[in-house]
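See below for upload38.cif, which holds mmCIF, C-alpha atoms.
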data_start
loop_
_atom_site.label_atom_id
_atom_site.label_comp_id
_atom_site.auth_asym_id
_atom_site.auth_seq_id
_atom_site.Cartn_x
_atom_site.Cartn_y
_atom_site.Cartn_z
CA MET A 1 51.66 175.57 81.93
CA LEU A 2 49.18 173.95 84.30
CA GLN A 3 45.92 172.77 82.77
CA THR A 4 42.76 173.46 84.69
CA ALA A 5 39.71 171.23 84.90
CA SER A 6 37.91 173.47 82.40
CA THR A 7 40.64 173.13 79.79
CA LEU A 8 40.58 169.33 80.15
CA ASN A 9 36.79 169.22 79.99
CA TYR A 10 36.93 167.52 83.39
CA GLN A 11 33.80 165.78 84.66
CA PRO A 12 33.60 164.52 88.24
CA ILE A 13 33.14 160.76 88.67
CA THR A 14 29.81 159.87 90.21
CA THR A 15 29.22 156.75 92.28
CA ARG A 16 26.27 154.64 91.18
CA VAL A 17 24.68 151.69 92.96
CA LEU A 18 23.74 149.37 90.13
CA ASN A 19 22.10 146.69 92.24
CA PRO A 20 22.19 146.34 96.02
CA LEU A 21 21.26 142.64 95.90
CA PRO A 22 24.79 141.32 95.21
CA LYS A 23 26.01 143.14 98.33
CA LEU A 24 23.30 141.46 100.38
CA GLU A 25 24.18 138.09 98.91
CA PHE A 26 27.87 138.70 99.63
CA ALA A 27 27.10 139.65 103.23
CA LYS A 28 24.99 136.54 103.62
CA ARG A 29 27.80 134.42 102.25
CA LEU A 30 30.17 135.84 104.84
CA THR A 31 27.94 134.50 107.61
CA ASN A 32 26.67 131.25 106.03
CA ASP A 33 29.39 129.96 103.73
CA LEU A 34 31.50 127.19 105.19
CA ALA A 35 34.49 128.06 103.01
CA VAL A 36 34.40 131.66 104.27
CA LEU A 37 33.89 130.77 107.93
CA TYR A 38 36.54 128.04 108.04
CA PRO A 39 38.95 128.63 105.13
CA GLN A 40 41.75 126.78 106.89
CA SER A 41 39.61 123.64 106.99
CA VAL A 42 38.83 123.51 103.26
CA LEU A 43 41.25 121.08 101.65
CA LYS A 44 39.67 121.28 98.19
CA SER A 45 36.70 123.02 96.62
CA SER A 46 34.91 122.97 93.27
CA ASP A 47 34.25 126.72 93.43
CA ASP A 48 36.69 127.52 90.61
CA MET A 49 35.88 124.50 88.45
CA GLY A 50 32.68 125.72 86.78
CA TRP A 51 30.41 122.95 88.04
CA GLN A 52 26.79 124.03 87.64
CA ASN A 53 24.65 121.53 89.55
CA VAL A 54 26.73 120.62 92.57
CA ARG A 55 29.25 122.29 94.84
CA VAL A 56 31.81 119.97 96.44
CA ILE A 57 33.99 120.76 99.45
CA HIS A 58 36.53 118.45 101.04
CA PHE A 59 36.42 119.66 104.63
CA ARG A 60 38.69 118.65 107.51
CA HIS A 61 38.16 120.76 110.59
CA THR A 62 40.95 121.81 112.92
CA SER A 63 39.08 121.15 116.17
CA ARG A 64 36.94 118.32 117.51
CA GLU A 65 33.66 120.23 117.18
CA VAL A 66 32.33 122.45 114.43
CA MET A 67 29.02 124.28 114.04
CA ILE A 68 27.84 124.70 110.46
CA PRO A 69 25.19 127.38 109.81
CA ALA A 70 22.07 126.79 107.77
CA SER A 71 22.50 126.92 104.00
CA ASP A 72 20.03 127.65 101.22
CA ASP A 73 21.20 124.39 99.61
CA HIS A 74 20.75 120.76 100.57
CA CYS A 75 23.96 119.20 101.85
CA ILE A 76 24.97 115.57 101.42
CA VAL A 77 27.71 114.61 103.88
CA LYS A 78 30.10 111.72 103.29
CA ASN A 79 32.27 110.82 106.28
CA LEU A 80 35.80 110.19 105.03
CA GLY A 81 37.44 109.80 108.44
CA ALA A 82 36.83 108.66 111.98
CA SER A 83 33.42 108.50 113.63
CA PHE A 84 31.68 111.64 114.83
CA PHE A 85 28.32 112.63 116.26
CA ALA A 86 25.98 114.92 114.33
CA ASN A 87 23.06 117.06 115.44
CA VAL A 88 20.82 118.55 112.75
CA TYR A 89 18.42 121.42 113.46
CA PRO A 90 15.75 121.86 110.76
CA GLY A 91 13.81 124.71 112.32
CA LYS A 92 12.89 124.03 115.96
CA ARG A 93 13.32 120.27 115.68
CA ARG A 94 16.49 118.30 116.36
CA PHE A 95 17.83 115.09 114.86
CA GLU A 96 20.92 113.38 116.18
CA GLY A 97 22.97 110.37 115.23
CA LYS A 98 26.41 108.85 114.89
CA MET A 99 28.36 108.94 111.64
CA LEU A 100 30.68 105.97 111.24
CA SER A 101 33.50 106.06 108.72
CA GLY A 102 31.93 105.80 105.26
CA ASP A 103 28.46 106.81 106.45
CA THR A 104 26.29 109.41 104.74
CA ALA A 105 24.01 112.13 106.08
CA ILE A 106 21.43 114.34 104.39
CA ILE A 107 21.10 117.89 105.74
CA PRO A 108 18.04 119.58 104.18
CA ALA A 109 18.27 123.21 103.11
CA GLY A 110 17.66 125.63 105.95
CA SER A 111 19.10 123.30 108.60
CA SER A 112 22.04 124.17 110.81
CA TRP A 113 24.09 121.30 112.18
CA VAL A 114 26.87 120.46 114.56
CA CYS A 115 29.40 117.64 114.37
CA ARG A 116 31.61 116.50 117.22
CA ALA A 117 34.47 114.05 116.87
CA GLU A 118 34.19 110.86 118.90
CA GLY A 119 37.94 110.48 119.43
CA SER A 120 41.03 112.58 118.92
CA GLU A 121 40.85 112.68 115.10
CA MET A 122 39.33 115.76 113.51
CA PRO A 123 36.15 115.43 111.37
CA ASP A 124 37.02 114.69 107.72
CA MET A 125 34.06 115.08 105.36
CA LEU A 126 33.07 115.48 101.76
CA LEU A 127 30.19 117.95 101.44
CA LEU A 128 27.97 117.98 98.35
CA TYR A 129 25.77 121.08 98.10
CA MET A 130 22.78 121.03 95.73
CA ARG A 131 20.14 123.68 95.11
CA PRO A 132 16.59 122.65 96.13
CA LEU A 133 15.26 123.88 92.78
CA PHE A 134 17.65 121.56 90.96
CA VAL A 135 16.71 118.61 93.17
CA ARG A 136 13.01 119.32 92.66
CA SER A 137 13.55 119.27 88.90
CA ALA A 138 14.46 115.60 89.26
CA SER A 139 10.97 114.93 90.59
CA GLY A 140 9.63 116.46 87.37
CA GLU A 141 11.56 113.85 85.41
CA LEU A 142 9.93 111.21 87.59
CA ASP A 143 6.44 112.65 86.90
CA PHE A 144 5.88 113.65 90.52
CA SER A 145 3.85 116.79 91.03
CA GLN A 146 4.04 117.06 94.82
CA GLU A 147 6.62 118.98 96.82
CA SER A 148 9.78 116.93 97.12
CA GLY A 149 11.39 118.16 100.33
CA LEU A 150 14.29 116.10 101.62
CA THR A 151 14.06 114.58 105.08
CA PRO A 152 17.04 114.62 107.50
CA GLN A 153 19.06 111.41 107.54
CA ILE A 154 22.09 110.71 109.73
CA GLY A 155 24.46 107.76 109.52
CA PHE A 156 23.27 105.48 106.72
CA ARG A 157 24.80 103.60 103.80
CA ASP A 158 23.75 103.97 100.18
CA LYS A 159 25.89 102.44 97.44
CA HIS A 160 24.68 104.85 94.77
CA ILE A 161 25.33 107.97 96.86
CA CYS A 162 28.71 106.57 97.89
CA HIS A 163 29.66 105.99 94.24
CA VAL A 164 28.63 109.53 93.25
CA ALA A 165 30.42 111.10 96.22
CA MET A 166 33.70 109.27 95.63
CA SER A 167 33.50 109.94 91.87
CA LEU A 168 33.05 113.65 92.58
CA LEU A 169 35.99 113.55 95.00
CA HIS A 170 38.10 112.00 92.25
CA GLU A 171 37.03 114.68 89.76
CA LEU A 172 37.73 117.35 92.38
CA ASN A 173 41.32 116.14 92.67
CA GLU A 174 41.77 115.68 88.91
CA ALA A 175 40.42 119.15 88.02
CA ASN A 176 40.13 118.63 84.24
CA VAL A 177 37.80 120.30 81.75
CA VAL A 178 35.86 117.15 80.90
CA GLY A 179 35.22 116.70 84.61
CA ARG A 180 32.71 119.56 84.59
CA LEU A 181 30.29 117.69 82.33
CA TYR A 182 30.81 114.47 84.24
CA ALA A 183 30.27 116.20 87.59
CA ASP A 184 27.01 117.76 86.44
CA SER A 185 25.75 114.43 85.10
CA LEU A 186 26.62 112.77 88.42
CA ALA A 187 24.69 115.51 90.21
CA THR A 188 21.60 114.78 88.11
CA GLY A 189 21.72 111.10 89.01
CA LEU A 190 22.23 111.96 92.67
CA ALA A 191 19.25 114.34 92.67
CA ILE A 192 16.98 111.63 91.26
CA GLN A 193 18.20 109.16 93.89
CA LEU A 194 17.53 111.66 96.66
CA VAL A 195 13.99 112.33 95.48
CA ARG A 196 13.21 108.65 95.00
CA ARG A 197 14.52 107.43 98.35
CA TYR A 198 15.00 110.30 100.81
CA SER A 199 12.27 112.84 100.17
CA SER A 200 8.61 113.19 101.05
CA LEU A 201 7.88 111.47 97.72
CA LYS A 202 9.72 108.24 98.44
CA ASP A 203 6.49 106.28 99.03
CA VAL A 204 4.32 107.91 96.37
CA HIS A 205 4.83 105.08 93.88
CA ILE A 206 3.65 102.42 96.41
CA GLY A 207 0.02 101.52 95.69
CA HIS A 208 -0.63 98.61 98.04
CA GLY A 209 -2.26 100.59 100.84
CA GLY A 210 -1.32 100.50 104.50
CA MET A 211 1.08 102.72 106.39
CA ALA A 212 4.35 103.97 105.00
CA PRO A 213 7.39 101.94 106.16
CA HIS A 214 8.57 104.70 108.52
#
Take the structure from the file and write it as structure tokens.
Amino acid sequence: MLQTASTLNYQPITTRVLNPLPKLEFAKRLTNDLAVLYPQSVLKSSDDMGWQNVRVIHFRHTSREVMIPASDDHCIVKNLGASFFANVYPGKRRFEGKMLSGDTAIIPAGSSWVCRAEGSEMPDMLLLYMRPLFVRSASGELDFSQESGLTPQIGFRDKHICHVAMSLLHELNEANVVGRLYADSLATGLAIQLVRRYSSLKDVHIGHGGMAPH
């Protein structure tokens, strides 16, 4: 005997939209996220490792030039390979420079950028993404009350940033549970270094008068 919907007390399933925001965020990620745009170029990522304060991507592109769209996060770039040229576009301005092997660059949030290999080798980079709110919290620890926006930097050396970047690369390859706590502590130290040396607050503590060094 066939049972009808009435005998089963059948109720039709209704579709509910709980919150449209995640869909918007997902759509934005499809257009802005490096790992989504160039999945074949991502050698390793911290996305599944539970790190809270920093996102790390080991990125080696498959062509000599790559355009990276603006992100809501600051991006610290460590060049792991051959030299390449970088152009950073924070708004309508443009900054350009050469990244030698081992050099670092700071790409402020909201900046798109382009890198172009100097020779035949493809760009090989370690990208450290950090939320501006998290970086600003470091200025609170330093008792700074002003806005601590990062300024674009291309092709420089910093021993502290280099140590943090290579330590995070090691943790990325190790992928152990303890690494999550270590990675987040490294991110805190990196944020403080960025605010102290590469933000609009880098000269606040100087009280001798005169013009800023730059």
Contacts of A:Ser120 within 12 Å, all atoms listed in the file, excl. fewer than 6 positions in-chain, as a list in words: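 Near A:Ser120, the qualifying residues are Thr62, Ser63, Arg64, Glu65, Gly81, Ala82, Ser83 and Phe84 of chain A.
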Which residue of A:Pro108, A:Pro39, A:Gly189, A:Pro152 approaches A:His74 most closely, using all atoms listed in the file: A:Pro108
Target residues per the PyMOL selection byres ((chain A and resi 41-48) around 7), formatted as a count of residues only: 16
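Using all atoms listed in the file, the residues found no farther than 8 Å from A:Gly102, other than those of its own chain fewer than 2 positions away, are A:Lys78, A:Asn79, A:Leu80, A:Gly81, A:Met99, A:Leu100, A:Thr104, A:Arg157.
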Restricting it to C-alpha atoms, dump the selection as a PDB file, in the coordinates of the input.
ATOM      1  CA  LYS A  78      30.100 111.720 103.290  1.00  0.00           C
ATOM      2  CA  ASN A  79      32.270 110.820 106.280  1.00  0.00           C
ATOM      3  CA  LEU A  80      35.800 110.190 105.030  1.00  0.00           C
ATOM      4  CA  GLY A  81      37.440 109.800 108.440  1.00  0.00           C
ATOM      5  CA  MET A  99      28.360 108.940 111.640  1.00  0.00           C
ATOM      6  CA  LEU A 100      30.680 105.970 111.240  1.00  0.00           C
ATOM      7  CA  THR A 104      26.290 109.410 104.740  1.00  0.00           C
ATOM      8  CA  ARG A 157      24.800 103.600 103.800  1.00  0.00           C
TER       9      ARG A 157
END
Explicit residue set for the PyMOL selection byres ((chain A and resi 167) around 12), as a list in words: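 Output of the PyMOL selection byres ((chain A and resi 167) around 12): Val56, Leu126, Leu128, His160, Ile161, Cys162, His163, Val164, Ala165, Met166, Leu168, Leu169, His170, Glu171, Leu172, Asn173, Glu174, Gly179, Tyr182, Ala183, Asp184, Ser185, Leu186, Ala187 and Leu190 of chain A.
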A:Met67, A:Val195, A:Leu181, A:Ile106 ranked by distance to A:Arg136, top pick (using all atoms listed in the file):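 Closest residue, counting all atoms listed in the file: A:Val195.
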Residue with smallest distance to A:Gly91 - pool A:Trp113, A:Val66, A:Met130, A:Asp158, counting all atoms listed in the file: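 The shortest atom-to-atom distance to A:Gly91 comes from A:Trp113.
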Selection result of the PyMOL selection byres ((chain A and resi 70) around 8) on this file, as a PyMOL selection string: chain A and resi 32+68-69+71-72+109-113
Gap from atom CA of A:Val135 to atom CA of A:Ser200 - Å, one decimal: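 The value is 12.5 Å.
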Distance in Å - atom CA of A:Asp103 versus atom CA of A:Ile154: 8.2 Å
